[in-house]
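**Student:** Take this structure, written in structure tokens, and hold onto it; I'll ask about it next.
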Amino acid sequence: MAGCTCRCRQGLLKLIQSLQRLVSGSLAKDKIDDELEMTTVCYRPEGLDQLEAQTNFSKQELQILYRGFKNECPSGVVDEDTFKHIYAQFFPHGDASMYAHYLFNAFDTTNNGSIKFKDFVVGLSTLLRGSMREKLEWTFYLYDINRDGYINREEMTEIVRAIYDMMGKYTYPALKGDVPQQHVDAFFQKMDKNKDGVVTLEEFIMACQEDETMMRSMQLFENVM
């Protein structure tokens with residue numbers, strides 16, 4: 001079991017890195033199979049046409065992703081520990097465990113403790129090829145930890161602290177304990193338009209669209225992909 005888990009982690013990390021090159025255009029189409037070490041088995045996920053309609057990936061790209069996903073993780077699901085291990089490799093100088101936890105929950109739309117292929121590819125489609133509003137809606141969902149449709153100060157503080165922990169001491173050498181809270185106060189000053197103590201989706205989107213710096217800070221995950 002340990003060997004299968006390790007292989008799944010390594011394989012999905014390579015899958016994500018290859019997907020990045022595919023999306024950026026630096027990975028040649030005729031070399032994709034070699035890059036992902038795919039077998040000649042042609043996996044066909046159920047509802048391929050439906051997934052094509054739900055995402056911004058072509059049918060060929062979905063087949064490539066599915067073959068890689070199933071080839072490297074035959075169980076067809078990724079658990080939270082595996083996801084954390086993969087994400088931590090992008091941030092070797094910090095502790096990415098808490099931020100990865102929140103990301104995992106955002107991908108796990110059915111709240112069953114695992115990410116299936118559909119969860120994986122729908123989330124990636126939004127983050128990599130979605131419209132600006134779709135990306136911001138996904139990010140809002142990430143920050144809305146308790147899924148009540150609002151972001152409160154406690155939720156934003158948890159996410160911001162997790163980001164600081166993930167970036168590590170090499171990025172913020174003189175970080176003081178109150179800096180995350182200062183950032184949360186600044187965010188709420190701009191986002192909470194009616195000063196009711198919570199941020200709605202529309203307030204979140206409007207604030208991000210009006211402030212380019214805030215827009216970039218709210219899309220950290222996209223920068224990793």
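In the structure tokens, chains take letters A, B, ... by order of appearance, with residues numbered from 1 within each chain and ligands from 1 in the order shown.
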So which residues touch Glu134 of chain A within 12 Å, counting only C-alpha atoms, skipping near sequence neighbours fewer than 2 positions away, as a list in words?
**Tutor:**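 Listing them by chain and then by number gives Thr55, Asn56, Val122, Gly123, Leu124, Ser125, Thr126, Leu127, Leu128, Arg129, Gly130, Ser131, Met132, Leu136, Glu137, Trp138, Thr139, Phe140, Tyr141, Leu201, Ile205 and Gln219 of chain A.
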**Student:** Export, as a compact mmCIF listing (two decimals), in the first residue's frame, the selected residues with N, CA, C and O atoms.
**Tutor:**
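What follows is the written file again.txt:
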# COMPACT_ATOMS: atom_id res chain seq x y z
N THR A 55 -15.96 21.66 -18.91
CA THR A 55 -14.62 22.21 -18.75
C THR A 55 -14.18 22.95 -20.01
O THR A 55 -14.89 22.99 -21.02
N ASN A 56 -12.99 23.51 -19.94
CA ASN A 56 -12.38 24.19 -21.08
C ASN A 56 -11.29 23.34 -21.72
O ASN A 56 -10.40 23.87 -22.40
N VAL A 122 -12.23 19.45 -13.32
CA VAL A 122 -13.11 20.61 -13.30
C VAL A 122 -12.42 21.78 -12.57
O VAL A 122 -12.47 22.93 -13.03
N GLY A 123 -11.77 21.47 -11.45
CA GLY A 123 -11.04 22.51 -10.73
C GLY A 123 -9.90 23.08 -11.54
O GLY A 123 -9.71 24.30 -11.61
N LEU A 124 -9.12 22.21 -12.18
CA LEU A 124 -8.01 22.67 -12.99
C LEU A 124 -8.49 23.51 -14.17
O LEU A 124 -7.85 24.50 -14.53
N SER A 125 -9.58 23.12 -14.76
CA SER A 125 -10.13 23.86 -15.89
C SER A 125 -10.45 25.30 -15.48
O SER A 125 -10.14 26.25 -16.20
N THR A 126 -11.05 25.44 -14.31
CA THR A 126 -11.38 26.78 -13.82
C THR A 126 -10.13 27.60 -13.55
O THR A 126 -10.02 28.76 -13.97
N LEU A 127 -9.16 26.99 -12.85
CA LEU A 127 -7.96 27.72 -12.45
C LEU A 127 -7.06 28.07 -13.63
O LEU A 127 -6.43 29.12 -13.65
N LEU A 128 -7.01 27.19 -14.61
CA LEU A 128 -6.07 27.39 -15.72
C LEU A 128 -6.70 28.08 -16.92
O LEU A 128 -6.02 28.83 -17.63
N ARG A 129 -7.98 27.83 -17.17
CA ARG A 129 -8.59 28.34 -18.39
C ARG A 129 -9.94 29.02 -18.18
O ARG A 129 -10.61 29.37 -19.13
N GLY A 130 -10.32 29.19 -16.94
CA GLY A 130 -11.60 29.82 -16.67
C GLY A 130 -11.56 31.32 -16.91
O GLY A 130 -10.49 31.93 -17.02
N SER A 131 -12.72 31.94 -16.97
CA SER A 131 -12.80 33.40 -17.06
C SER A 131 -12.34 33.99 -15.73
O SER A 131 -12.23 33.29 -14.72
N MET A 132 -12.09 35.29 -15.72
CA MET A 132 -11.66 35.94 -14.49
C MET A 132 -12.71 35.77 -13.39
O MET A 132 -12.36 35.50 -12.23
N LEU A 136 -12.27 33.86 -9.75
CA LEU A 136 -12.54 34.55 -8.50
C LEU A 136 -13.62 33.83 -7.69
O LEU A 136 -13.55 33.77 -6.46
N GLU A 137 -14.62 33.28 -8.37
CA GLU A 137 -15.65 32.50 -7.67
C GLU A 137 -15.03 31.28 -7.01
O GLU A 137 -15.39 30.93 -5.88
N TRP A 138 -14.11 30.60 -7.71
CA TRP A 138 -13.44 29.44 -7.14
C TRP A 138 -12.60 29.85 -5.92
O TRP A 138 -12.59 29.17 -4.90
N THR A 139 -11.91 30.99 -6.04
CA THR A 139 -11.09 31.48 -4.94
C THR A 139 -11.94 31.86 -3.74
O THR A 139 -11.58 31.60 -2.59
N PHE A 140 -13.10 32.47 -4.00
CA PHE A 140 -14.03 32.80 -2.91
C PHE A 140 -14.44 31.53 -2.17
O PHE A 140 -14.48 31.49 -0.94
N TYR A 141 -14.73 30.49 -2.94
CA TYR A 141 -15.13 29.21 -2.34
C TYR A 141 -14.00 28.64 -1.48
O TYR A 141 -14.26 28.07 -0.42
N LEU A 201 -19.87 37.23 -2.07
CA LEU A 201 -19.21 36.92 -3.33
C LEU A 201 -19.09 38.16 -4.21
O LEU A 201 -18.03 38.42 -4.79
N ILE A 205 -15.62 39.88 -5.55
CA ILE A 205 -15.30 40.03 -6.97
C ILE A 205 -15.08 41.50 -7.32
O ILE A 205 -14.11 41.85 -8.01
N GLN A 219 -4.99 34.95 -5.91
CA GLN A 219 -4.89 33.88 -6.88
C GLN A 219 -3.55 33.15 -6.75
O GLN A 219 -2.91 32.82 -7.74
**Student:** Based on the backbone DSSP call, show me all residues of segment 58-92 of chain A assigned helix (DSSP H, G or I), as a ChimeraX atom specification.
**Tutor:** /A:59-72,80-88
**Student:** Grab the atom CA of Tyr102 of chain A to atom CA of Ile145 of chain A distance for me, in Å with one decimal place.
**Tutor:** 7.5 Å
**Student:** Would you mind writing down, as an MDAnalysis selection string, each residue of segment 55-215 of chain A that DSSP on the backbone assigns to strand (DSSP E)?
**Tutor:** chainID A and resid 77:79 114:116 151:152 198:199
**Student:** Could you tell me how far atom CA of Gly47 of chain A lies from atom CA of His101 of chain A, in Å and to one decimal?
**Tutor:** 28.4 Å
**Student:** What is the distance, in Å and to one decimal place, between atom CA of Phe120 of chain A and atom CA of Arg133 of chain A?
**Tutor:**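 For atom CA of Phe120 of chain A relative to atom CA of Arg133 of chain A, the distance reads 19.4 Å.
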**Student:** Which residue, A:Asp81, A:Asp144, A:Asp185, A:Glu61, has the smallest gap to Phe204 of chain A when you use only C-alpha atoms?
**Tutor:** A:Asp144
**Student:** Tell me, as a list in words, which residues lie within 10 Å of segment 49-52 of chain A, counting only C-alpha atoms; anything in the same chain fewer than 5 positions away does not count.
**Tutor:**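 Listed by chain and then number, they are Phe57, Ser58, Lys59, Gln60, Glu61, Leu62, Lys118, Val121 and Val122 of chain A.
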**Student:** Filtering to C-alpha atoms, could you give me those residues as a CSV table (one decimal), in the first residue's frame?
**Tutor:**
chain,number,residue,atom,x,y,z
A,57,PHE,CA,-10.4,21.1,-22.1
A,58,SER,CA,-10.8,19.3,-25.4
A,59,LYS,CA,-11.8,15.7,-25.6
A,60,GLN,CA,-8.3,14.7,-26.5
A,61,GLU,CA,-6.9,16.6,-23.5
A,62,LEU,CA,-9.4,15.0,-21.2
A,118,LYS,CA,-14.0,14.8,-12.3
A,121,VAL,CA,-10.2,18.2,-14.0
A,122,VAL,CA,-13.1,20.6,-13.3
**Student:** Select, from A:Met214, A:Ile151, A:Ile159, A:Leu142, the residue with the minimum atom-to-atom distance to Glu202 of chain A, counting only C-alpha atoms.
**Tutor:** A:Ile151
**Student:** Write out as a PyMOL selection string which residues come within 9 Å of Gln181 of chain A when counting only C-alpha atoms, dropping same-chain ones fewer than 4 positions away.
**Tutor:** chain A and resi 157+160-161+177+185-186
**Student:** Grab the residues selected above and save them as a compact mmCIF listing (two decimals), in the first residue's frame with N, CA and C atoms.
**Tutor:**
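Okay, again_6.txt is ready:
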# COMPACT_ATOMS: atom_id res chain seq x y z
N THR A 157 -8.33 35.14 8.03
CA THR A 157 -7.11 35.08 8.83
C THR A 157 -6.48 33.69 8.75
N VAL A 160 -4.84 33.38 5.25
CA VAL A 160 -3.65 34.24 5.13
C VAL A 160 -2.50 33.68 5.95
N ARG A 161 -2.77 33.22 7.16
CA ARG A 161 -1.71 32.62 7.98
C ARG A 161 -1.15 31.36 7.30
N GLY A 177 4.41 38.50 13.97
CA GLY A 177 3.18 37.75 14.20
C GLY A 177 1.91 38.47 13.82
N ASP A 185 -7.01 42.93 7.87
CA ASP A 185 -7.67 44.22 8.12
C ASP A 185 -7.71 45.06 6.85
N ALA A 186 -6.60 45.05 6.09
CA ALA A 186 -6.54 45.82 4.85
C ALA A 186 -7.51 45.26 3.81
**Student:** From the set A:Met215, A:Tyr66, A:Val184, A:Gly168, which residue has the shortest atom-to-atom contact distance to Pro92 of chain A, counting only C-alpha atoms?
**Tutor:**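 Of the candidates, the smallest distance to Pro92 of chain A is held by A:Gly168.
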